[in-house]
>>> print(open('model05.csv').read())   # CSV, C-alpha atoms
chain,number,residue,atom,x,y,z
A,1,MET,CA,15.3,68.8,53.0
A,2,THR,CA,12.4,67.4,55.0
A,3,LYS,CA,10.1,67.8,52.0
A,4,LEU,CA,12.5,66.1,49.7
A,5,TYR,CA,12.9,63.2,52.1
A,6,THR,CA,9.1,62.8,52.4
A,7,LEU,CA,8.6,62.8,48.6
A,8,LEU,CA,11.3,60.1,48.2
A,9,VAL,CA,9.6,57.8,50.8
A,10,PHE,CA,6.2,58.1,49.1
A,11,THR,CA,7.8,57.4,45.7
A,12,LEU,CA,9.5,54.2,47.0
A,13,ILE,CA,6.2,53.0,48.6
A,14,PHE,CA,4.3,53.6,45.3
A,15,ILE,CA,6.9,51.7,43.2
A,16,SER,CA,6.9,48.8,45.7
A,17,CYS,CA,3.1,48.5,45.6
A,18,GLY,CA,3.2,48.6,41.8
A,19,GLU,CA,5.8,45.8,41.6
A,20,LYS,CA,3.8,43.7,44.0
A,21,LYS,CA,0.6,44.1,42.0
A,22,SER,CA,2.4,43.3,38.8
A,23,THR,CA,3.9,40.1,40.3
A,24,GLU,CA,0.5,39.0,41.5
A,25,ASN,CA,-0.9,39.4,38.0
A,26,VAL,CA,1.5,36.9,36.4
A,27,VAL,CA,1.0,34.2,39.1
A,28,GLN,CA,-0.3,31.1,37.3
A,29,GLU,CA,-3.4,29.3,38.5
A,30,THR,CA,-2.6,25.8,39.8
A,31,ILE,CA,-4.5,23.0,38.0
A,32,LYS,CA,-5.5,20.0,40.0
A,33,VAL,CA,-4.6,16.7,38.3
A,34,VAL,CA,-4.9,13.0,38.8
A,35,VAL,CA,-1.8,11.0,38.0
A,36,SER,CA,-1.0,7.3,37.5
A,37,THR,CA,1.8,5.0,36.4
A,38,PRO,CA,1.7,2.7,33.4
A,39,SER,CA,0.4,-0.8,33.9
A,40,THR,CA,2.6,-3.6,32.8
A,41,GLY,CA,2.1,-6.9,31.2
A,42,ASP,CA,4.1,-9.4,29.3
A,43,THR,CA,4.2,-10.3,25.6
A,44,SER,CA,4.5,-14.0,26.1
A,45,GLY,CA,0.9,-14.6,24.8
A,46,PHE,CA,1.3,-12.8,21.5
A,47,VAL,CA,3.6,-11.3,18.9
A,48,THR,CA,3.1,-7.8,17.6
A,49,ALA,CA,4.3,-6.3,14.3
A,50,SER,CA,3.7,-3.2,12.3
A,51,GLY,CA,2.4,-3.3,8.7
A,52,LYS,CA,0.4,-1.7,5.9
A,53,ILE,CA,-2.8,-2.6,4.1
A,54,GLU,CA,-2.4,-3.4,0.4
A,55,ALA,CA,-4.7,-4.7,-2.3
A,56,GLU,CA,-4.3,-8.4,-3.1
A,57,ASN,CA,-4.5,-7.6,-6.8
A,58,SER,CA,-2.2,-4.7,-7.8
A,59,ALA,CA,-0.6,-4.0,-11.2
A,60,ASP,CA,1.5,-1.3,-12.9
A,61,ILE,CA,0.3,-1.7,-16.5
A,62,SER,CA,2.8,-1.0,-19.4
A,63,THR,CA,3.0,-1.7,-23.1
A,64,ARG,CA,5.3,-3.5,-25.5
A,65,MET,CA,5.1,-0.9,-28.3
A,66,MET,CA,6.3,2.6,-28.8
A,67,GLY,CA,3.9,5.4,-29.8
A,68,TYR,CA,2.1,8.6,-28.8
A,69,VAL,CA,-0.7,8.3,-26.3
A,70,THR,CA,-3.9,9.5,-28.2
A,71,LYS,CA,-6.4,9.1,-25.4
A,72,VAL,CA,-6.5,8.6,-21.6
A,73,HIS,CA,-10.0,7.3,-20.6
A,74,VAL,CA,-9.6,7.2,-16.8
A,75,GLN,CA,-8.7,9.4,-13.9
A,76,VAL,CA,-7.1,8.6,-10.5
A,77,GLY,CA,-9.7,7.2,-8.1
A,78,GLN,CA,-12.0,6.0,-10.9
A,79,LYS,CA,-13.4,2.5,-10.6
A,80,VAL,CA,-12.9,0.2,-13.7
A,81,ASN,CA,-14.1,-3.2,-14.8
A,82,LYS,CA,-12.0,-6.1,-16.1
A,83,GLY,CA,-11.3,-5.5,-19.9
A,84,GLN,CA,-12.2,-1.8,-19.8
A,85,ILE,CA,-10.1,0.4,-22.0
A,86,LEU,CA,-7.8,2.7,-20.0
A,87,MET,CA,-5.9,4.5,-22.7
A,88,ASN,CA,-5.0,4.3,-26.4
A,89,ILE,CA,-1.7,4.5,-28.1
A,90,ASN,CA,-1.3,5.6,-31.8
A,91,ASN,CA,-1.4,2.5,-33.9
A,92,ALA,CA,-1.2,3.9,-37.5
A,93,ASP,CA,1.9,1.7,-38.2
A,94,LEU,CA,0.1,-1.4,-37.0
A,95,LEU,CA,-2.9,-0.6,-39.3
A,96,ALA,CA,-0.5,-0.3,-42.3
A,97,LYS,CA,1.2,-3.6,-41.3
A,98,LYS,CA,-2.2,-5.3,-41.0
A,99,ALA,CA,-3.2,-4.2,-44.5
A,100,GLN,CA,0.1,-5.6,-45.8
A,101,VAL,CA,-0.5,-8.9,-44.0
A,102,GLU,CA,-4.1,-9.1,-45.3
A,103,ALA,CA,-2.8,-8.6,-48.9
A,104,GLY,CA,-0.2,-11.3,-48.3
A,105,ILE,CA,-2.9,-13.7,-47.1
A,106,LEU,CA,-5.0,-13.1,-50.3
A,107,LYS,CA,-1.9,-13.7,-52.5
A,108,ALA,CA,-1.0,-16.9,-50.5
A,109,THR,CA,-4.6,-18.1,-50.7
A,110,ALA,CA,-4.7,-17.7,-54.5
A,111,GLY,CA,-1.4,-19.6,-54.8
A,112,TYR,CA,-2.7,-22.3,-52.5
A,113,ASN,CA,-6.0,-22.8,-54.4
A,114,ASN,CA,-4.1,-23.0,-57.7
A,115,ALA,CA,-1.5,-25.4,-56.4
A,116,LYS,CA,-4.3,-27.6,-54.9
A,117,LYS,CA,-6.1,-27.8,-58.3
A,118,ASP,CA,-2.9,-28.8,-60.0
A,119,TYR,CA,-2.1,-31.4,-57.3
A,120,ASP,CA,-5.6,-33.0,-57.5
A,121,ARG,CA,-5.3,-33.1,-61.3
A,122,PHE,CA,-1.9,-34.8,-61.3
A,123,VAL,CA,-3.1,-37.3,-58.7
A,124,SER,CA,-5.9,-38.3,-61.0
A,125,LEU,CA,-3.5,-38.5,-64.0
A,126,PHE,CA,-1.1,-40.6,-62.0
A,127,GLU,CA,-3.8,-43.1,-61.1
A,128,GLN,CA,-4.7,-43.3,-64.8
A,129,LYS,CA,-0.9,-43.8,-65.5
A,130,SER,CA,-0.9,-40.6,-67.6
A,131,ALA,CA,1.6,-38.9,-65.3
A,132,SER,CA,5.0,-40.0,-64.0
A,133,GLN,CA,6.0,-40.4,-60.4
A,134,LYS,CA,8.5,-37.5,-60.9
A,135,GLU,CA,5.7,-35.1,-62.1
A,136,LEU,CA,3.5,-36.1,-59.2
A,137,ASP,CA,6.3,-35.5,-56.7
A,138,ASP,CA,7.0,-32.1,-58.1
A,139,MET,CA,3.4,-31.1,-58.0
A,140,THR,CA,3.1,-32.4,-54.4
A,141,ALA,CA,6.1,-30.3,-53.3
A,142,ARG,CA,4.6,-27.2,-55.0
A,143,PHE,CA,1.3,-27.8,-53.2
A,144,GLU,CA,3.0,-28.2,-49.8
A,145,MET,CA,5.0,-25.0,-50.3
A,146,ALA,CA,1.8,-23.1,-51.2
A,147,LYS,CA,0.1,-24.5,-48.1
A,148,ALA,CA,3.0,-23.5,-45.9
A,149,GLU,CA,3.0,-19.9,-47.3
A,150,LEU,CA,-0.7,-19.6,-46.6
A,151,GLU,CA,-0.2,-20.8,-43.0
A,152,GLY,CA,2.8,-18.4,-42.5
A,153,ALA,CA,0.7,-15.4,-43.8
A,154,LYS,CA,-2.1,-16.3,-41.3
A,155,GLN,CA,0.4,-16.5,-38.4
A,156,MET,CA,1.7,-13.1,-39.4
A,157,ARG,CA,-1.8,-11.8,-39.1
A,158,ASN,CA,-2.1,-13.3,-35.6
A,159,GLU,CA,1.1,-11.5,-34.6
A,160,VAL,CA,-0.2,-8.2,-35.8
A,161,MET,CA,-3.5,-8.6,-34.1
A,162,ALA,CA,-1.7,-9.4,-30.8
A,163,GLN,CA,0.1,-6.1,-31.1
A,164,PHE,CA,-3.2,-4.3,-31.1
A,165,SER,CA,-3.8,-5.4,-27.5
A,166,TYR,CA,-0.7,-3.3,-26.6
A,167,SER,CA,-2.1,-0.2,-28.3
A,168,ASN,CA,-5.4,-0.4,-26.4
A,169,ILE,CA,-4.5,-0.7,-22.7
A,170,THR,CA,-7.2,-2.5,-20.8
A,171,ALA,CA,-7.7,-3.3,-17.1
A,172,PRO,CA,-6.5,-6.8,-16.2
A,173,PHE,CA,-9.1,-7.0,-13.3
A,174,SER,CA,-11.8,-4.9,-11.8
A,175,GLY,CA,-10.6,-2.3,-9.3
A,176,VAL,CA,-9.7,1.4,-9.0
A,177,VAL,CA,-7.1,3.5,-10.7
A,178,THR,CA,-4.5,4.6,-8.2
A,179,ASN,CA,-2.1,6.5,-10.5
A,180,THR,CA,-1.6,7.6,-14.1
A,181,PHE,CA,2.0,8.1,-15.2
A,182,ILE,CA,1.4,9.6,-18.6
A,183,LYS,CA,-0.9,12.0,-20.4
A,184,GLU,CA,-2.2,12.5,-23.9
A,185,GLY,CA,0.5,13.4,-26.3
A,186,ASP,CA,3.3,11.8,-24.3
A,187,MET,CA,5.4,9.1,-25.9
A,188,ALA,CA,4.8,5.6,-24.5
A,189,ASN,CA,7.9,3.3,-24.4
A,190,PRO,CA,8.1,-0.5,-24.0
A,191,GLY,CA,8.1,-1.5,-20.3
A,192,MET,CA,7.3,2.0,-19.0
A,193,PRO,CA,4.4,2.1,-16.5
A,194,LEU,CA,1.4,3.9,-17.8
A,195,VAL,CA,-1.3,3.4,-15.2
A,196,SER,CA,-1.7,1.6,-11.8
A,197,VAL,CA,-4.8,-0.4,-10.9
A,198,GLU,CA,-5.6,-2.0,-7.6
A,199,GLY,CA,-8.4,-4.5,-6.8
A,200,THR,CA,-10.8,-3.4,-4.1
A,201,SER,CA,-12.6,-6.7,-3.6
A,202,LYS,CA,-9.9,-8.2,-1.3
A,203,LEU,CA,-7.4,-6.4,0.9
A,204,GLN,CA,-4.4,-7.9,2.8
A,205,VAL,CA,-1.8,-6.7,5.3
A,206,THR,CA,1.9,-7.0,4.8
A,207,ALA,CA,3.8,-7.0,8.1
A,208,MET,CA,7.5,-7.4,9.0
A,209,VAL,CA,8.2,-9.8,11.8
A,210,SER,CA,11.6,-10.0,13.6
A,211,GLU,CA,13.8,-13.1,13.4
A,212,GLY,CA,13.1,-13.9,17.1
A,213,ASP,CA,9.3,-14.1,16.5
A,214,ILE,CA,9.0,-15.5,13.0
A,215,THR,CA,9.1,-19.2,14.1
A,216,ALA,CA,5.9,-18.6,16.1
A,217,ILE,CA,4.0,-17.4,13.0
A,218,LYS,CA,2.2,-20.2,11.1
A,219,LYS,CA,0.2,-20.1,7.9
A,220,GLY,CA,-3.6,-20.1,8.6
A,221,MET,CA,-3.3,-18.8,12.2
A,222,PRO,CA,-5.7,-15.9,13.2
A,223,ALA,CA,-4.5,-12.4,13.8
A,224,LYS,CA,-5.9,-9.1,15.2
A,225,VAL,CA,-5.4,-6.1,13.0
A,226,LEU,CA,-5.7,-2.6,14.5
A,227,ILE,CA,-6.1,0.2,11.9
A,228,LYS,CA,-4.4,3.2,13.5
A,229,SER,CA,-6.2,6.0,11.6
A,230,MET,CA,-9.6,4.6,12.2
A,231,ASN,CA,-8.9,3.2,15.7
A,232,LYS,CA,-10.7,0.0,14.5
A,233,GLU,CA,-9.8,-3.6,15.0
A,234,VAL,CA,-10.6,-6.3,12.4
A,235,ASP,CA,-9.9,-10.0,12.2
A,236,GLY,CA,-7.5,-11.6,9.7
A,237,LYS,CA,-5.8,-14.8,8.9
A,238,VAL,CA,-2.1,-15.4,8.0
A,239,SER,CA,-1.9,-16.4,4.3
A,240,GLU,CA,1.8,-16.2,3.6
A,241,VAL,CA,5.0,-16.5,5.7
A,242,SER,CA,8.3,-15.8,4.1
A,243,LEU,CA,11.2,-18.0,5.3
A,244,SER,CA,14.0,-15.7,4.0
A,245,ALA,CA,15.0,-12.2,5.1
A,246,LYS,CA,17.8,-11.8,2.5
A,247,ASN,CA,16.2,-8.8,0.9
A,248,THR,CA,14.3,-7.3,3.9
A,249,GLY,CA,17.0,-6.4,6.3
A,250,GLY,CA,16.6,-9.1,8.8
A,251,GLN,CA,12.8,-8.8,8.9
A,252,TYR,CA,10.5,-11.6,7.6
A,253,LEU,CA,7.5,-10.7,5.4
A,254,VAL,CA,4.1,-12.0,6.6
A,255,LYS,CA,0.8,-11.5,4.7
A,256,ILE,CA,-2.6,-11.5,6.5
A,257,ASP,CA,-5.9,-11.6,4.6
A,258,LEU,CA,-8.6,-9.4,6.1
A,259,ASP,CA,-11.9,-11.1,6.9
A,260,GLU,CA,-13.9,-7.9,6.8
A,261,SER,CA,-14.8,-6.1,3.6
A,262,ASP,CA,-15.3,-2.5,4.7
A,263,PRO,CA,-15.3,0.3,2.0
A,264,SER,CA,-13.8,2.7,4.5
A,265,ILE,CA,-10.7,0.6,4.8
A,266,LEU,CA,-8.2,1.8,2.2
A,267,SER,CA,-5.0,0.5,0.7
A,268,GLY,CA,-2.0,2.2,2.2
A,269,MET,CA,-3.3,2.5,5.8
A,270,PHE,CA,-0.8,1.7,8.6
A,271,VAL,CA,-1.8,-1.1,11.1
A,272,ASN,CA,-0.5,-3.0,14.1
A,273,VAL,CA,-0.9,-6.7,13.9
A,274,GLN,CA,-1.2,-9.0,16.9
A,275,PHE,CA,-0.5,-12.8,16.5
A,276,PRO,CA,-1.6,-15.0,19.4
A,277,ILE,CA,0.9,-17.7,20.3
A,278,GLU,CA,0.9,-20.4,22.8
A,279,LYS,CA,2.9,-19.9,26.1
A,280,THR,CA,5.7,-22.4,26.6
A,281,ALA,CA,8.5,-22.7,29.0
A,282,LYS,CA,10.8,-21.3,26.3
A,283,THR,CA,8.7,-18.3,25.7
A,284,THR,CA,10.5,-15.1,26.4
A,285,GLN,CA,8.6,-12.6,28.6
A,286,THR,CA,9.1,-9.0,27.8
A,287,GLU,CA,7.7,-6.2,30.0
A,288,LEU,CA,4.9,-4.3,28.3
A,289,VAL,CA,4.1,-0.7,29.2
A,290,LEU,CA,0.4,0.1,28.8
A,291,ILE,CA,-1.6,3.4,29.3
A,292,PRO,CA,-5.3,4.0,28.7
A,293,LYS,CA,-6.3,5.5,25.4
A,294,SER,CA,-8.2,8.3,27.2
A,295,ALA,CA,-5.0,9.8,28.6
A,296,LEU,CA,-3.4,10.3,25.1
A,297,ILE,CA,-3.0,13.6,23.5
A,298,THR,CA,-3.0,13.8,19.6
A,299,ARG,CA,-1.6,16.6,17.5
A,300,GLY,CA,-1.9,15.7,13.9
A,301,GLN,CA,0.1,12.5,13.4
A,302,LEU,CA,1.8,12.8,16.8
A,303,THR,CA,0.7,11.1,20.0
A,304,GLY,CA,1.8,12.2,23.4
A,305,ILE,CA,0.9,12.3,27.1
A,306,TYR,CA,1.4,14.9,29.9
A,307,THR,CA,3.9,14.0,32.6
A,308,ILE,CA,4.9,15.7,35.8
A,309,GLY,CA,8.1,17.8,35.5
A,310,THR,CA,10.4,19.4,38.1
A,311,GLY,CA,8.6,22.0,40.2
A,312,ASN,CA,5.2,20.3,39.6
A,313,VAL,CA,4.7,21.5,36.1
A,314,ALA,CA,3.0,19.7,33.2
A,315,ILE,CA,5.3,18.5,30.5
A,316,LEU,CA,4.0,17.1,27.1
A,317,ARG,CA,5.9,14.0,26.2
A,318,TRP,CA,5.7,12.6,22.7
A,319,LEU,CA,5.4,8.8,22.5
A,320,ARG,CA,5.8,6.0,20.0
A,321,THR,CA,2.9,3.7,20.4
A,322,GLY,CA,2.3,0.1,19.4
A,323,ALA,CA,-0.6,-2.3,19.6
A,324,THR,CA,-3.9,-1.6,21.3
A,325,ILE,CA,-5.0,-4.2,23.8
A,326,ASP,CA,-8.6,-3.7,24.9
A,327,GLU,CA,-8.7,0.0,25.9
A,328,GLN,CA,-5.0,0.3,26.6
A,329,VAL,CA,-2.2,1.3,24.2
A,330,GLU,CA,1.3,-0.2,24.2
A,331,VAL,CA,4.1,2.4,24.7
A,332,LEU,CA,7.2,1.5,22.7
A,333,SER,CA,9.2,4.5,23.7
A,334,GLY,CA,8.9,7.8,25.4
A,335,LEU,CA,7.6,6.6,28.8
A,336,SER,CA,9.0,4.1,31.3
A,337,ALA,CA,7.0,1.8,33.6
A,338,ASP,CA,7.9,3.8,36.7
A,339,GLU,CA,7.1,7.3,35.4
A,340,GLN,CA,3.9,9.2,36.4
A,341,TYR,CA,1.6,10.6,33.8
A,342,ILE,CA,-1.5,12.8,34.1
A,343,VAL,CA,-4.8,10.9,33.7
A,344,SER,CA,-7.2,13.9,34.0
A,345,ALA,CA,-7.1,17.6,34.9
A,346,GLU,CA,-9.6,20.1,36.2
A,347,GLY,CA,-8.4,22.7,33.7
A,348,LYS,CA,-6.7,23.0,30.3
A,349,LEU,CA,-3.2,21.7,30.4
A,350,PHE,CA,-0.3,23.1,28.5
A,351,ASN,CA,3.5,22.8,28.6
A,352,GLY,CA,4.7,24.4,31.8
A,353,ALA,CA,1.3,24.7,33.5
A,354,LYS,CA,1.5,24.5,37.3
A,355,VAL,CA,-0.2,21.4,38.6
A,356,GLN,CA,-1.2,20.0,42.0
A,357,ILE,CA,-1.5,16.3,42.4
A,358,ASP,CA,-4.9,15.4,43.7
A,359,ASN,CA,-4.8,12.3,45.8
>>> encode(input="model05.csv", output="structure tokens")
Amino acid sequence: MTKLYTLLVFTLIFISCGEKKSTENVVQETIKVVVSTPSTGDTSGFVTASGKIEAENSADISTRMMGYVTKVHVQVGQKVNKGQILMNINNADLLAKKAQVEAGILKATAGYNNAKKDYDRFVSLFEQKSASQKELDDMTARFEMAKAELEGAKQMRNEVMAQFSYSNITAPFSGVVTNTFIKEGDMANPGMPLVSVEGTSKLQVTAMVSEGDITAIKKGMPAKVLIKSMNKEVDGKVSEVSLSAKNTGGQYLVKIDLDESDPSILSGMFVNVQFPIEKTAKTTQTELVLIPKSALITRGQLTGIYTIGTGNVAILRWLRTGATIDEQVEVLSGLSADEQYIVSAEGKLFNGAKVQIDN
């Protein structure tokens, strides 16, 4: 009985020591961090809006004739010059019609020449009083009809030649091919887009401004454009201001011409636009939540920041950001002005990491 009791005591001590060692192994290392709260400002000195870069010249090119596509000369991303052939549509029926028209012109020309000779002869005979007025009038009518037939035949040729421009699709301006909607052998139909071309010489921004701010935006005023993907700021100037929001859901369309011509700036990039406005007594002040760009965490297209959770643990909070002002970023949602966030850490942070605030 004594031996059994002694063995039981040693077993319990061994298990207790093992559990203590196991617990010690899973204890997380505490990471020292420096925290801060967002700085605030007001938006009374400017109006901000989101937008997208677009080419000033952009066209979806189509045709007015029906036929099979015989050749596509361009690819997406290819640069083209004004007047360059982009694709060909089968025009065998036009060639046949052209031949018919040319034959009609020859026939009308022969009739006109013959009628003109007769007309000139009868004019001479009439002057010599060898032809009556009735005979001259009949010959004049015949000559005018022959002349009209020849002119009609020539206009038919102009019509056919104009149709050839719709069988040879050309670039309306110099730029780059952004899309092709058809391939060789497909049937092209009137009005159906065949290829898209965008000009690269001049880019502009289209932004949507709320009804509360649109009255402060004027044509010709300067604007700051932040290109999000490049983290680059460029200057621009307002070129158009829409005065109707009927088809844009209460938002007013504003276009901004970019001053800088940078080949790395591409159509389709998303931007934030900042319009400077004068402060007046009626200007509404809105609190602006700002955090430094160095504190942001990016994961693909997502932007976040580490905050302090219950029990002093790091919590990754995803944010919706707005304009960049100097080295600070506007927080539109995800963080309030009185919440603390982690500025820097002495170790690698992750969700749930134990942290110690270093004062």
>>> residues_around(input="model05.csv", residues="range 153-170 of chain A", least_positions_apart="4", cutoff="10 Å", atoms="all atoms listed in the file", output="ChimeraX atom specification")
/A:61-73,80-91,94-95,97-109,148-149,188,190,194-195
>>> closest_residue(input="model05.csv", among="A:Ala59, A:Ile357, A:Leu150, A:Val329", to="Asn179 in chain A", atoms="only C-alpha atoms")
A:Ala59
>>> residues_around(input="model05.csv", residues="range 225-234 of chain A", least_positions_apart="3", cutoff="12 Å", atoms="only C-alpha atoms", output="JSON, numbers by chain")
{"A": [47, 48, 49, 50, 51, 52, 53, 203, 204, 205, 206, 207, 222, 237, 238, 255, 256, 257, 258, 259, 260, 261, 262, 264, 265, 266, 267, 268, 269, 270, 271, 272, 273, 274, 275, 276, 293, 298, 300, 301, 302, 303, 321, 322, 323, 324, 325, 326, 327, 328, 329]}
>>> closest_residue(input="model05.csv", among="A:Val176, A:Ile214, A:Val343, A:Leu335", to="Leu253 in chain A", atoms="only C-alpha atoms")
A:Ile214
>>> closest_residue(input="model05.csv", among="A:Val331, A:Val74, A:Ile305, A:Ala96", to="Val177 in chain A", atoms="all atoms listed in the file")
A:Val74
>>> residues_around(input="model05.csv", residues="range 119-127 of chain A", least_positions_apart="5", cutoff="8 Å", atoms="only C-alpha atoms", output="PyMOL selection string")
chain A and resi 132-133+135-136+139-140+143
>>> closest_residue(input="model05.csv", among="A:Tyr112, A:Lys218, A:Ser242, A:Val34", to="Tyr306 in chain A", atoms="all atoms listed in the file")
A:Val34
>>> atom_distance(input="model05.csv", atom1="CA of Lys219 in chain A", atom2="CA of Leu332 in chain A")
27.1 Å
>>> closest_residue(input="model05.csv", among="A:Lys117, A:Arg317, A:Lys246, A:Lys32", to="Ala353 in chain A", atoms="only C-alpha atoms")
A:Lys32
>>> atom_distance(input="model05.csv", atom1="CA of Ser333 in chain A", atom2="CA of Trp318 in chain A")
8.9 Å
>>> closest_residue(input="model05.csv", among="A:Gln75, A:Ser210, A:Thr215, A:Ser36", to="Thr180 in chain A", atoms="all atoms listed in the file")
A:Gln75
